Each structure stands twice: as structure tokens, then as C-alpha cells.
>>> print(open('structure33.txt').read())   # compact mmCIF, C-alpha atoms
# COMPACT_ATOMS: atom_id res chain seq x y z
CA MET A 1 17.09 -15.25 7.49
CA MET A 2 14.89 -14.04 4.62
CA ASN A 3 14.82 -15.89 1.31
CA ASN A 4 15.15 -14.37 -2.15
CA LEU A 5 11.42 -13.92 -2.76
CA LYS A 6 10.85 -12.02 0.48
CA THR A 7 13.95 -9.89 -0.15
CA PHE A 8 12.76 -9.11 -3.68
CA SER A 9 9.31 -8.13 -2.37
CA LEU A 10 10.85 -5.70 0.12
CA SER A 11 13.22 -4.35 -2.54
CA TYR A 12 10.35 -3.70 -4.93
CA PHE A 13 8.40 -1.56 -2.48
CA LEU A 14 11.39 0.22 -0.93
CA GLY A 15 12.92 1.25 -4.26
CA ARG A 16 9.70 3.00 -5.34
CA ALA A 17 8.86 4.74 -2.05
CA PHE A 18 10.24 8.21 -2.84
CA PHE A 19 8.74 8.59 -6.30
CA LEU A 20 5.18 9.33 -5.19
CA GLY A 21 4.89 13.11 -5.50
CA PHE A 22 8.62 13.63 -4.93
CA GLY A 23 10.73 11.79 -7.50
CA PHE A 24 8.61 12.22 -10.63
CA SER A 25 7.60 15.76 -9.73
CA LEU A 26 11.20 16.89 -9.26
CA LEU A 27 12.41 15.16 -12.43
CA ALA A 28 9.52 16.68 -14.40
CA LYS A 29 10.37 20.20 -13.24
CA LEU A 30 14.06 19.70 -13.97
CA LEU A 31 13.95 17.82 -17.29
CA ASP A 32 10.28 17.50 -18.43
CA LYS A 33 10.27 15.17 -21.51
CA ASP A 34 13.95 14.24 -21.04
CA ALA A 35 13.21 12.75 -17.62
CA TRP A 36 13.35 9.21 -19.06
CA ILE A 37 17.02 9.77 -19.97
CA ALA A 38 17.78 10.64 -16.37
CA CYS A 39 15.97 7.46 -15.30
CA LEU A 40 18.15 5.33 -17.58
CA LEU A 41 21.40 6.95 -16.48
CA GLY A 42 20.20 6.94 -12.88
CA MET A 43 19.71 3.18 -13.08
CA LEU A 44 23.36 2.86 -14.10
CA PHE A 45 24.61 5.06 -11.24
CA GLY A 46 22.21 3.37 -8.86
CA SER A 47 23.49 -0.09 -9.83
CA MET A 48 26.98 1.00 -8.74
CA ILE A 49 25.63 2.18 -5.38
CA ILE A 50 23.68 -1.08 -4.91
CA PHE A 51 26.83 -3.07 -5.71
CA LEU A 52 28.60 -1.21 -2.90
CA PHE A 53 25.57 -1.87 -0.69
CA GLN A 54 25.80 -5.60 -1.45
CA THR A 55 29.53 -5.57 -0.67
CA ALA A 56 28.90 -3.75 2.62
CA LYS A 57 26.08 -6.12 3.54
CA ASP A 58 28.22 -9.19 2.84
CA LYS A 59 30.92 -7.70 5.04
CA LEU A 60 28.51 -6.98 7.88
CA LYS A 61 27.39 -10.65 8.14
CA GLY A 62 24.61 -9.99 10.61
CA ASN A 63 23.79 -6.68 12.26
CA PHE A 64 25.60 -3.73 13.79
CA ASN A 65 25.63 -5.34 17.23
CA ASP A 66 27.88 -8.11 15.88
CA THR A 67 30.40 -5.61 14.54
CA LYS A 68 33.73 -5.47 16.39
CA SER A 69 35.04 -2.47 14.46
CA TRP A 70 35.44 1.07 15.83
CA THR A 71 32.57 2.01 13.48
CA LYS A 72 29.94 0.13 15.52
CA TRP A 73 28.53 3.10 17.45
CA PRO A 74 28.87 5.70 14.66
CA LEU A 75 27.02 3.21 12.41
CA LYS A 76 24.24 2.64 14.93
CA ILE A 77 23.73 6.37 15.49
CA LEU A 78 23.84 7.24 11.79
CA PHE A 79 21.54 4.36 10.88
CA PHE A 80 19.05 5.49 13.54
CA LEU A 81 19.05 9.04 12.15
CA PHE A 82 18.75 7.70 8.61
CA ASN A 83 15.65 5.66 9.51
CA LEU A 84 14.21 8.58 11.46
CA PHE A 85 14.61 10.88 8.48
CA ILE A 86 13.10 8.44 5.98
CA TYR A 87 10.18 7.64 8.30
CA SER A 88 9.35 11.33 8.68
CA GLN A 89 9.57 11.98 4.94
CA ILE A 90 7.40 9.01 3.96
CA VAL A 91 4.74 10.12 6.46
CA PHE A 92 4.91 13.62 4.91
CA ILE A 93 4.47 12.12 1.42
CA PHE A 94 1.57 9.95 2.58
CA GLN A 95 -0.32 12.70 4.41
CA THR A 96 0.13 15.16 1.53
CA PHE A 97 -1.09 12.64 -1.02
CA ALA A 98 -4.03 11.45 1.10
CA SER A 99 -5.18 14.99 1.97
CA SER A 100 -4.89 16.08 -1.68
CA PHE A 101 -6.95 13.31 -3.31
CA PHE A 102 -8.62 10.93 -0.85
CA LEU A 103 -9.48 12.74 2.39
CA ILE A 104 -9.64 16.33 1.21
CA LYS A 105 -11.77 17.68 4.04
CA SER A 106 -10.24 15.57 6.81
CA PRO A 107 -7.72 17.18 9.19
CA VAL A 108 -4.19 15.84 9.04
CA PHE A 109 -4.17 14.70 12.66
CA PHE A 110 -7.01 12.31 11.72
CA ILE A 111 -5.37 11.12 8.46
CA VAL A 112 -2.07 10.10 10.07
CA LEU A 113 -3.58 8.87 13.36
CA PRO A 114 -3.66 5.17 12.30
CA ILE A 115 0.02 5.14 11.28
CA PRO A 116 1.65 4.81 14.74
CA PHE A 117 -0.84 2.09 15.76
CA ILE A 118 -0.28 0.09 12.56
CA ILE A 119 3.50 0.44 12.73
CA TYR A 120 3.61 -0.54 16.41
CA ARG A 121 1.45 -3.60 15.75
CA ILE A 122 3.39 -4.91 12.76
CA CYS A 123 6.77 -4.21 14.36
CA LYS A 124 5.85 -6.48 17.28
CA SER A 125 6.36 -9.44 14.94
CA GLY A 126 9.62 -8.25 13.38
CA PHE A 127 11.07 -8.31 9.88
CA THR A 128 9.79 -11.79 9.03
CA THR A 129 6.16 -10.69 9.28
CA ILE A 130 6.87 -7.46 7.39
CA ALA A 131 8.48 -9.48 4.59
CA LYS A 132 5.52 -11.87 4.48
CA VAL A 133 3.11 -8.95 4.19
CA ALA A 134 5.25 -7.47 1.38
CA GLU A 135 5.21 -10.87 -0.33
CA VAL A 136 1.40 -10.90 -0.26
CA LEU A 137 1.05 -7.28 -1.39
CA MET A 138 3.51 -7.55 -4.28
CA PRO A 139 1.30 -9.48 -6.78
CA ILE A 140 -1.59 -7.12 -5.99
CA SER A 141 0.67 -4.13 -6.61
CA LEU A 142 1.98 -5.60 -9.86
CA PHE A 143 -1.55 -6.35 -11.08
CA LEU A 144 -2.74 -2.80 -10.37
CA PHE A 145 0.37 -1.36 -12.01
CA LEU A 146 0.05 -3.46 -15.18
CA PHE A 147 -3.71 -2.86 -15.35
CA GLY A 148 -3.11 0.90 -15.28
CA ILE A 149 -0.32 0.76 -17.87
CA LEU A 150 -2.31 -1.37 -20.30
CA GLY A 151 -5.39 0.79 -19.87
CA LEU A 152 -3.44 3.96 -20.65
CA THR A 153 -1.80 2.65 -23.83
CA GLN A 154 -4.52 4.15 -26.07
CA ASN A 155 -3.71 7.64 -24.73
CA PHE A 156 0.04 7.33 -25.30
CA LYS A 157 1.59 9.80 -27.78
CA LEU A 158 5.15 9.46 -29.08
CA ASP A 159 5.09 13.08 -30.26
CA TYR A 160 5.49 14.22 -26.66
CA PHE A 161 9.05 12.80 -26.59
CA THR A 162 10.42 15.02 -29.37
CA PRO A 163 12.71 16.81 -29.69
CA VAL A 164 15.12 14.75 -27.57
CA LEU A 165 18.00 16.12 -25.45
CA THR A 166 16.76 19.68 -25.08
CA HIS A 167 18.44 20.13 -21.69
CA SER A 168 22.05 20.69 -20.75
CA PRO A 169 24.31 17.76 -19.80
CA GLN A 170 24.58 19.27 -16.29
CA ASP A 171 20.79 19.10 -15.79
CA ILE A 172 20.63 15.54 -17.10
CA LEU A 173 23.50 14.53 -14.82
CA SER A 174 21.76 16.16 -11.84
CA GLY A 175 18.51 14.38 -12.67
CA SER A 176 20.35 11.07 -13.02
CA LEU A 177 21.97 11.43 -9.61
CA PHE A 178 18.65 12.46 -8.08
CA PHE A 179 17.05 9.31 -9.51
CA ALA A 180 19.92 7.17 -8.23
CA PHE A 181 19.66 8.56 -4.68
CA TYR A 182 15.86 8.35 -4.60
CA SER A 183 15.84 4.72 -5.74
CA THR A 184 18.84 3.37 -3.80
CA ALA A 185 18.62 5.07 -0.39
CA PRO A 186 15.67 2.96 0.83
CA PHE A 187 17.66 -0.20 0.00
CA LEU A 188 20.05 0.70 2.81
CA LEU A 189 17.18 0.19 5.23
CA MET A 190 17.87 -3.53 4.75
CA LEU A 191 21.47 -3.26 6.00
CA ASN A 192 20.52 -4.71 9.35
CA ILE A 193 18.15 -7.39 8.00
CA PRO A 194 19.68 -10.87 7.71
CA THR A 195 19.16 -12.08 4.14
CA GLU A 196 20.45 -14.84 1.95
CA LYS A 197 23.37 -13.95 -0.31
CA ASN A 198 21.66 -12.74 -3.41
CA LYS A 199 21.95 -10.33 -6.30
CA PHE A 200 20.62 -7.01 -5.08
CA VAL A 201 21.66 -5.29 -8.33
CA PHE A 202 19.25 -7.51 -10.29
CA LYS A 203 16.44 -6.78 -7.82
CA TYR A 204 17.22 -3.07 -8.04
CA LEU A 205 17.07 -3.07 -11.84
CA MET A 206 13.74 -4.93 -11.83
CA THR A 207 12.32 -2.33 -9.45
CA CYS A 208 13.66 0.54 -11.57
CA LEU A 209 12.05 -0.91 -14.71
CA SER A 210 8.62 -0.27 -13.20
CA ILE A 211 9.67 3.31 -12.36
CA LEU A 212 11.07 3.85 -15.87
CA LEU A 213 7.92 2.46 -17.48
CA LEU A 214 5.74 4.77 -15.40
CA CYS A 215 7.99 7.71 -16.36
CA PHE A 216 7.47 6.89 -20.06
CA PHE A 217 3.70 6.92 -19.61
CA ILE A 218 3.71 10.17 -17.63
CA ILE A 219 5.56 11.87 -20.50
CA GLY A 220 3.61 10.11 -23.27
CA ILE A 221 0.22 11.01 -21.80
CA LEU A 222 0.65 14.40 -20.12
CA GLY A 223 3.34 15.94 -22.30
CA SER A 224 6.17 18.21 -21.20
CA ASN A 225 3.96 21.13 -20.12
CA LEU A 226 1.33 19.42 -18.02
CA MET A 227 3.78 17.08 -16.28
CA GLN A 228 5.60 20.13 -14.87
CA VAL A 229 2.40 21.69 -13.52
CA TYR A 230 1.10 18.81 -11.43
CA ARG A 231 2.44 18.00 -7.97
CA TYR A 232 1.50 14.33 -8.54
CA PRO A 233 1.92 13.75 -12.30
CA GLU A 234 1.63 9.97 -11.85
CA TYR A 235 -1.82 10.34 -10.29
CA MET A 236 -3.01 12.83 -12.90
CA THR A 237 -1.89 10.40 -15.60
CA LEU A 238 -4.27 7.78 -14.23
CA LYS A 239 -7.18 10.22 -14.59
CA LYS A 240 -6.99 9.51 -18.32
CA LEU A 241 -7.82 5.87 -17.67
CA ARG A 242 -11.25 4.57 -18.65
CA VAL A 243 -12.54 1.01 -18.32
CA PHE A 244 -14.81 0.01 -21.22
CA ASN A 245 -14.90 3.73 -22.08
CA PHE A 246 -17.50 4.49 -19.41
CA ILE A 247 -16.17 3.41 -16.00
CA GLU A 248 -14.26 6.37 -14.55
CA LYS A 249 -12.50 7.34 -11.30
CA VAL A 250 -10.45 4.12 -11.27
CA GLU A 251 -7.32 6.12 -10.41
CA ASN A 252 -8.15 5.92 -6.70
CA ILE A 253 -8.14 2.12 -6.82
CA ILE A 254 -4.93 1.80 -8.82
CA SER A 255 -3.07 4.37 -6.71
CA ILE A 256 -3.49 2.08 -3.71
CA ALA A 257 -0.39 0.33 -5.05
CA TRP A 258 1.65 3.46 -4.21
CA LEU A 259 0.31 3.40 -0.67
CA PHE A 260 1.69 -0.14 -0.40
CA ASP A 261 5.15 1.35 -1.08
CA SER A 262 4.72 3.80 1.78
CA PHE A 263 3.31 1.18 4.14
CA VAL A 264 6.16 -1.30 3.63
CA THR A 265 8.80 1.43 3.91
CA LEU A 266 7.29 2.77 7.14
CA SER A 267 7.16 -0.77 8.53
CA VAL A 268 10.85 -1.42 7.79
CA THR A 269 11.97 1.95 9.16
CA GLY A 270 9.76 1.51 12.22
CA ASN A 271 11.27 -1.88 12.98
CA ASN A 272 14.80 -0.53 12.50
CA LEU A 273 14.05 2.32 14.89
CA LYS A 274 12.66 -0.09 17.44
CA LEU A 275 15.74 -2.33 17.28
CA SER A 276 17.98 0.74 17.68
CA LEU A 277 16.44 1.53 21.07
CA PRO A 278 17.71 0.07 24.39
CA LYS A 279 16.38 -3.45 24.94
CA LYS A 280 15.26 -2.66 28.46
CA HIS A 281 11.79 -1.05 28.24
CA GLN A 282 12.15 -1.09 24.44
CA ASN A 283 8.40 -1.11 23.79
CA ILE A 284 7.87 1.92 26.03
CA TYR A 285 10.63 3.87 24.27
CA PHE A 286 9.20 2.85 20.91
CA ILE A 287 5.72 4.07 21.81
CA ILE A 288 7.15 7.41 22.97
CA LEU A 289 9.11 7.72 19.71
CA LEU A 290 6.01 6.99 17.62
CA VAL A 291 4.05 9.62 19.54
CA ILE A 292 6.82 12.17 18.93
CA LEU A 293 6.83 11.32 15.22
CA TYR A 294 3.05 11.65 15.15
CA GLY A 295 3.40 15.12 16.65
CA TRP A 296 6.02 15.97 14.02
CA SER A 297 3.63 14.92 11.23
CA ILE A 298 1.03 17.36 12.54
CA LEU A 299 3.59 20.17 12.74
CA SER A 300 4.78 19.45 9.21
CA SER A 301 1.22 19.95 7.94
CA ILE A 302 0.96 23.28 9.77
CA TYR A 303 4.30 24.46 8.35
CA TYR A 304 3.70 22.86 4.97
CA GLN A 305 5.58 25.47 2.90
CA GLU A 306 8.66 25.15 5.10
CA GLY A 307 8.43 21.37 4.78
CA LEU A 308 8.56 21.65 1.01
CA ILE A 309 12.08 23.08 1.31
CA VAL A 310 13.26 19.55 2.07
CA TYR A 311 11.52 18.41 -1.14
CA HIS A 312 14.09 20.30 -3.23
CA VAL A 313 17.13 18.98 -1.36
CA LEU A 314 15.84 15.53 -0.40
CA PRO A 315 17.94 13.54 -2.92
CA ILE A 316 21.07 15.38 -1.75
CA ILE A 317 20.34 14.55 1.90
CA LEU A 318 19.70 10.91 0.98
CA GLY A 319 22.96 10.81 -0.98
CA VAL A 320 24.92 12.19 1.99
CA PHE A 321 23.45 9.52 4.26
CA GLU A 322 24.38 6.83 1.72
CA VAL A 323 27.96 8.03 1.39
CA PHE A 324 28.60 8.04 5.12
CA LEU A 325 26.84 4.75 5.83
CA LEU A 326 28.67 2.89 3.07
CA ALA A 327 31.98 4.52 3.98
CA LEU A 328 31.70 3.44 7.61
CA LEU A 329 31.04 -0.13 6.49
CA LEU A 330 33.64 -0.38 3.72
CA ILE A 331 36.61 1.66 5.00
CA PRO A 332 37.52 -0.76 7.83
CA LYS A 333 37.69 -3.56 5.28
CA TRP A 334 40.10 -1.62 3.12
CA LYS A 335 42.30 -0.87 6.13
CA LYS A 336 42.62 -4.57 6.93
CA SER A 337 43.52 -5.58 3.38
CA PRO A 338 46.99 -7.14 3.21
CA LYS A 339 49.69 -5.02 1.66
CA LEU A 340 51.07 -6.24 -1.63
>>> encode(input="structure33.txt", output="C-alpha cells")
Amino acid sequence: MMNNLKTFSLSYFLGRAFFLGFGFSLLAKLLDKDAWIACLLGMLFGSMIIFLFQTAKDKLKGNFNDTKSWTKWPLKILFFLFNLFIYSQIVFIFQTFASSFFLIKSPVFFIVLPIPFIIYRICKSGFTTIAKVAEVLMPISLFLFLFGILGLTQNFKLDYFTPVLTHSPQDILSGSLFFAFYSTAPFLLMLNIPTEKNKFVFKYLMTCLSILLLCFFIIGILGSNLMQVYRYPEYMTLKKLRVFNFIEKVENIISIAWLFDSFVTLSVTGNNLKLSLPKKHQNIYFIILLVILYGWSILSSIYYQEGLIVYHVLPIILGVFEVFLLALLLIPKWKKSPKL
């Protein structure tokens, strides 16, 4: 049973995982300087989804194996596919980011080679160890985030936010839903993790505040034109950062905080995948699965353009997964409600 602090640490990293190169980039292309409005509305829609998640989690009272409902096996299969999909996408985000800025000349098979070894090792200890690692990484991540924000304040321009509401209500609504799905879907990875009864909506809103603040600084520093050009607008924003006006290239250090998001998310999905496998020879099956996923990551780099197709529909796919997972958990409860 994980306490509130460990749960909050996991929530913080999971809620931010899809915004590196995906979330901000898509919102920038769709809404440019009005992206912050979509973030605000998305937080509202996302809070509703997280409330349903909390209701479903309270109803589950354990894990899928304890469920006596007819939904047990559909839930297990769907949850396995959900974790498989998120794992593959986070690896794609990581390898694209690393090969674009850190290891430019390194082949992808070398960049992603440590991932299966790290995930296998940390998953041997289970969710408790993953939560402890997240608890240790969180203050480091917060420090790097706040250091970057404070350092960029001198470059912030309010003029980049005007005029306001230059996009149609349909585009703003689409952007809001995209934000909601990006930020809430990873929370469902904790469905099978035993946690204390706590307020997930509050934890979600705290996580989203960091995303909203970063969105403000992307707009206020890059402006509506540049933020649409860059594949990683959040990273390019950090390039404006100078320490004492002469120390440069600090963006690589600060962006480590985003790699923490990917690492924690991969650890949680990896452990969920492991627990979904048959208990007999579970470690062997898990190793085979990690090898297959490693092979997929190499293929995705070869067929990079085809992989980007998912980038445009990713929030929709995440939303579909959320709808079905929450429906399978909540519908049985409604059926058993006494008739008035």
C-alpha cells in the first residue's frame, strides 16, 4: 500500500510524460498562442476524467485478479494492451528526443539498448521501489523545473499573447480534449497499484499547473510563429537560458527532468506488463517481451515517418483506451445499484 507522498510523486511524473515533443508540439501547431486556453479547459475536462478514475479505483479495491465481475478478463486484456501501447510510445518519444539533441551521431539501437535492462532490473522489486525512486527524483525534477522557469523570466514577453482567442471554438475544444487525454491517460496506469484513499484530482491539478506554467513560458519566449516550427518547443525555449549571462548550454542539464518523466512511466508500464503475464515462468516471458519491444523501437526508428502518423492521432487513441477501461470498471457498479 503506497502512501500519499509516493502516490503524488508517481502522479507528477506520469501526468507529464506525453508532453515532451508530443503534447506541446501538437497544441502549438493547432492553437499557437491560444494553447494556454486549451490547457486551462483541458484541466477542467481532465479533472472530470480523474474523478471517474478515482471512483473506479475505489470500486476495484485491489487489483484485477480480485475482481469477481464478468469484466475481469476483458479488463486484464485491455489493460495489458494499454500498457503495451504507452510503453512503446514513451520509448519512441525518448529515442527521438535523445537522438535529436543528446546522441545525434549514435544509432538508435545503441540509444535504447539500456532501456530493457533498466526496466527489467527495477521491475524485479515491484511498485514500492518504483515509487521510492520517484519520491527521490521528484525534488530534483522540481528544482530543475523552477530553476529553468526563473532563469527564463527576463526573456518573457506578454506581447506574444495578443490578440487572444484567434482560433475557432472547435479548435480550442479539440486542443482542450487533447490536453485532457494526454495528461490523464497515464494516471490509469495506477489502476492496479494499491494506494491509500486520496484525492487524485488534487494531485492531477498540481501536476497540470507545472504543464500550464511551461506552456506560458513557451508562448512568452518563442512567440506564436517559432513555437509552431520546432518539434520540441520546450527544449528550444531553454536555449534562451543563460546563467550569469555567460554560462550557456544549460538546457541539456535542465531537460534531464523530462527524462525522469519517461523513466518513471516506463517503469510503471513495465511492471504492469510483467504482472499481466502468467506467474509460471513470468521472468522468462517478461524478458522475451522486453526483447520484442526493443526490436519494435528499432523498427520505429527505421520507419520514422510512418511512426509520426500515430503522433497526430495519439490523444484520440489514449481517449478511446480511457473510455473503455473506465466503462468496464464502472458499468458493473451501475448495474448492481438498487432500484428506487
>>> residues_around(input="structure33.txt", residues="Ser99 of chain A", least_positions_apart="6", cutoff="9 Å", atoms="only C-alpha atoms", output="list in words")
Lys105, Ser106, Pro107, Val108 and Ile111 of chain A
>>> write_last_selection(input="structure33.txt", atoms="C-alpha atoms", output="mmCIF file, in the frame of the given file")
data_model
loop_
_atom_site.group_PDB
_atom_site.id
_atom_site.type_symbol
_atom_site.label_atom_id
_atom_site.label_comp_id
_atom_site.auth_asym_id
_atom_site.auth_seq_id
_atom_site.Cartn_x
_atom_site.Cartn_y
_atom_site.Cartn_z
ATOM 1 C CA LYS A 105 -11.770 17.680 4.040
ATOM 2 C CA SER A 106 -10.240 15.570 6.810
ATOM 3 C CA PRO A 107 -7.720 17.180 9.190
ATOM 4 C CA VAL A 108 -4.190 15.840 9.040
ATOM 5 C CA ILE A 111 -5.370 11.120 8.460
#
>>> atom_distance(input="structure33.txt", atom1="atom CA of Tyr235 of chain A", atom2="atom CA of Phe97 of chain A")
9.6 Å
>>> atom_distance(input="structure33.txt", atom1="atom CA of Asn4 of chain A", atom2="atom CA of Met138 of chain A")
13.7 Å
>>> residues_around(input="structure33.txt", residues="Gln54 of chain A", least_positions_apart="2", cutoff="10 Å", atoms="all atoms listed in the file", output="list in words")
Met48, Ile49, Ile50, Phe51, Leu52, Ala56, Lys57, Asp58, Lys59, Leu60, Phe187, Leu188, Leu191, Lys197, Asn198, Lys199, Phe200 and Val201 of chain A
>>> write_last_selection(input="structure33.txt", atoms="C-alpha atoms", output="PDB file, in the coordinates of the input")
ATOM      1  CA  MET A  48      26.980   1.000  -8.740  1.00  0.00           C
ATOM      2  CA  ILE A  49      25.630   2.180  -5.380  1.00  0.00           C
ATOM      3  CA  ILE A  50      23.680  -1.080  -4.910  1.00  0.00           C
ATOM      4  CA  PHE A  51      26.830  -3.070  -5.710  1.00  0.00           C
ATOM      5  CA  LEU A  52      28.600  -1.210  -2.900  1.00  0.00           C
ATOM      6  CA  ALA A  56      28.900  -3.750   2.620  1.00  0.00           C
ATOM      7  CA  LYS A  57      26.080  -6.120   3.540  1.00  0.00           C
ATOM      8  CA  ASP A  58      28.220  -9.190   2.840  1.00  0.00           C
ATOM      9  CA  LYS A  59      30.920  -7.700   5.040  1.00  0.00           C
ATOM     10  CA  LEU A  60      28.510  -6.980   7.880  1.00  0.00           C
ATOM     11  CA  PHE A 187      17.660  -0.200   0.000  1.00  0.00           C
ATOM     12  CA  LEU A 188      20.050   0.700   2.810  1.00  0.00           C
ATOM     13  CA  LEU A 191      21.470  -3.260   6.000  1.00  0.00           C
ATOM     14  CA  LYS A 197      23.370 -13.950  -0.310  1.00  0.00           C
ATOM     15  CA  ASN A 198      21.660 -12.740  -3.410  1.00  0.00           C
ATOM     16  CA  LYS A 199      21.950 -10.330  -6.300  1.00  0.00           C
ATOM     17  CA  PHE A 200      20.620  -7.010  -5.080  1.00  0.00           C
ATOM     18  CA  VAL A 201      21.660  -5.290  -8.330  1.00  0.00           C
TER      19      VAL A 201
END
>>> closest_residue(input="structure33.txt", among="A:Phe321, A:Phe101, A:Tyr311, A:Phe143", to="Phe24 of chain A", atoms="all atoms listed in the file")
A:Tyr311
>>> atom_distance(input="structure33.txt", atom1="atom CA of Phe117 of chain A", atom2="atom CA of Leu318 of chain A")
26.8 Å
>>> residues_around(input="structure33.txt", residues="Cys123 of chain A", least_positions_apart="4", cutoff="7 Å", atoms="all atoms listed in the file", output="MDAnalysis selection string")
chainID A and resid 119 267 270:271
>>> closest_residue(input="structure33.txt", among="A:Lys274, A:Lys132, A:Ile253, A:Lys33", to="Asp159 of chain A", atoms="all atoms listed in the file")
A:Lys33
>>> closest_residue(input="structure33.txt", among="A:Ala28, A:Leu273, A:Leu329, A:Leu5", to="Tyr87 of chain A", atoms="only C-alpha atoms")
A:Leu273
>>> closest_residue(input="structure33.txt", among="A:Leu177, A:Ile256, A:Ala131, A:Leu289", to="Ser47 of chain A", atoms="all atoms listed in the file")
A:Leu177
>>> residues_near_point(input="structure33.txt", point="(0.8, 14.5, 14.1)", cutoff="12 Å", atoms="all atoms listed in the file", output="PDB file with C-alpha atoms, in the coordinates of the input")
ATOM      1  CA  SER A  88       9.350  11.330   8.680  1.00  0.00           C
ATOM      2  CA  VAL A  91       4.740  10.120   6.460  1.00  0.00           C
ATOM      3  CA  PHE A  92       4.910  13.620   4.910  1.00  0.00           C
ATOM      4  CA  GLN A  95      -0.320  12.700   4.410  1.00  0.00           C
ATOM      5  CA  PRO A 107      -7.720  17.180   9.190  1.00  0.00           C
ATOM      6  CA  VAL A 108      -4.190  15.840   9.040  1.00  0.00           C
ATOM      7  CA  PHE A 109      -4.170  14.700  12.660  1.00  0.00           C
ATOM      8  CA  PHE A 110      -7.010  12.310  11.720  1.00  0.00           C
ATOM      9  CA  ILE A 111      -5.370  11.120   8.460  1.00  0.00           C
ATOM     10  CA  VAL A 112      -2.070  10.100  10.070  1.00  0.00           C
ATOM     11  CA  LEU A 113      -3.580   8.870  13.360  1.00  0.00           C
ATOM     12  CA  PRO A 114      -3.660   5.170  12.300  1.00  0.00           C
ATOM     13  CA  ILE A 115       0.020   5.140  11.280  1.00  0.00           C
ATOM     14  CA  PRO A 116       1.650   4.810  14.740  1.00  0.00           C
ATOM     15  CA  LEU A 290       6.010   6.990  17.620  1.00  0.00           C
ATOM     16  CA  VAL A 291       4.050   9.620  19.540  1.00  0.00           C
ATOM     17  CA  ILE A 292       6.820  12.170  18.930  1.00  0.00           C
ATOM     18  CA  LEU A 293       6.830  11.320  15.220  1.00  0.00           C
ATOM     19  CA  TYR A 294       3.050  11.650  15.150  1.00  0.00           C
ATOM     20  CA  GLY A 295       3.400  15.120  16.650  1.00  0.00           C
ATOM     21  CA  TRP A 296       6.020  15.970  14.020  1.00  0.00           C
ATOM     22  CA  SER A 297       3.630  14.920  11.230  1.00  0.00           C
ATOM     23  CA  ILE A 298       1.030  17.360  12.540  1.00  0.00           C
ATOM     24  CA  LEU A 299       3.590  20.170  12.740  1.00  0.00           C
ATOM     25  CA  SER A 300       4.780  19.450   9.210  1.00  0.00           C
ATOM     26  CA  SER A 301       1.220  19.950   7.940  1.00  0.00           C
ATOM     27  CA  ILE A 302       0.960  23.280   9.770  1.00  0.00           C
TER      28      ILE A 302
END
>>> closest_residue(input="structure33.txt", among="A:Pro139, A:Gly223, A:Pro233, A:Gly46", to="Lys157 of chain A", atoms="only C-alpha atoms")
A:Gly223
>>> closest_residue(input="structure33.txt", among="A:Asn83, A:Ser9, A:Thr265, A:Asn225", to="Tyr204 of chain A", atoms="all atoms listed in the file")
A:Ser9
>>> residues_near_point(input="structure33.txt", point="(-1.7, 6.1, -24.1)", cutoff="9 Å", atoms="all atoms listed in the file", output="list of chain:residue names")
A:Ile149, A:Leu150, A:Gly151, A:Leu152, A:Thr153, A:Gln154, A:Asn155, A:Phe156, A:Lys157, A:Phe217, A:Gly220, A:Ile221, A:Lys240, A:Leu241
>>> write_last_selection(input="structure33.txt", atoms="C-alpha atoms", output="compact mmCIF listing (two decimals), in the frame of the given file")
# COMPACT_ATOMS: atom_id res chain seq x y z
CA ILE A 149 -0.32 0.76 -17.87
CA LEU A 150 -2.31 -1.37 -20.30
CA GLY A 151 -5.39 0.79 -19.87
CA LEU A 152 -3.44 3.96 -20.65
CA THR A 153 -1.80 2.65 -23.83
CA GLN A 154 -4.52 4.15 -26.07
CA ASN A 155 -3.71 7.64 -24.73
CA PHE A 156 0.04 7.33 -25.30
CA LYS A 157 1.59 9.80 -27.78
CA PHE A 217 3.70 6.92 -19.61
CA GLY A 220 3.61 10.11 -23.27
CA ILE A 221 0.22 11.01 -21.80
CA LYS A 240 -6.99 9.51 -18.32
CA LEU A 241 -7.82 5.87 -17.67
>>> residues_around(input="structure33.txt", residues="Val164 of chain A", least_positions_apart="2", cutoff="12 Å", atoms="all atoms listed in the file", output="PyMOL selection string")
chain A and resi 31-37+158-162+166-168+172+224
>>> residues_around(input="structure33.txt", residues="Ser276 of chain A", least_positions_apart="3", cutoff="12 Å", atoms="only C-alpha atoms", output="list in words")
Asn63, Phe64, Asn65, Trp73, Leu75, Lys76, Ile77, Leu78, Phe79, Phe80, Leu81, Phe82, Asn83, Leu84, Asn192, Thr269, Gly270, Asn271, Asn272, Leu273, Lys279, Lys280, Gln282, Asn283, Tyr285, Phe286 and Leu289 of chain A
>>> decode(input="structure33.txt", residues="segment 111-122 of chain A", atoms="N, CA and C atoms", output="compact mmCIF listing (two decimals), in the first residue's frame")
# COMPACT_ATOMS: atom_id res chain seq x y z
N ILE A 111 21.11 3.72 -28.49
CA ILE A 111 20.46 4.67 -27.58
C ILE A 111 19.44 3.97 -26.68
N VAL A 112 18.66 3.06 -27.26
CA VAL A 112 17.58 2.42 -26.49
C VAL A 112 18.01 1.09 -25.86
N LEU A 113 19.26 0.69 -26.10
CA LEU A 113 19.73 -0.60 -25.57
C LEU A 113 19.64 -0.70 -24.04
N PRO A 114 19.94 0.38 -23.28
CA PRO A 114 19.87 0.25 -21.82
C PRO A 114 18.45 0.11 -21.27
N ILE A 115 17.44 0.52 -22.05
CA ILE A 115 16.08 0.57 -21.51
C ILE A 115 15.58 -0.78 -21.02
N PRO A 116 15.63 -1.85 -21.84
CA PRO A 116 15.12 -3.14 -21.33
C PRO A 116 15.85 -3.65 -20.10
N PHE A 117 17.17 -3.40 -20.01
CA PHE A 117 17.93 -3.83 -18.83
C PHE A 117 17.50 -3.07 -17.58
N ILE A 118 17.34 -1.74 -17.73
CA ILE A 118 16.93 -0.92 -16.58
C ILE A 118 15.52 -1.28 -16.12
N ILE A 119 14.62 -1.45 -17.08
CA ILE A 119 13.23 -1.76 -16.74
C ILE A 119 13.13 -3.14 -16.08
N TYR A 120 13.87 -4.10 -16.61
CA TYR A 120 13.85 -5.44 -16.00
C TYR A 120 14.37 -5.39 -14.57
N ARG A 121 15.45 -4.63 -14.37
CA ARG A 121 16.06 -4.58 -13.03
C ARG A 121 15.13 -3.91 -12.03
N ILE A 122 14.54 -2.79 -12.39
CA ILE A 122 13.71 -2.07 -11.41
C ILE A 122 12.38 -2.79 -11.17
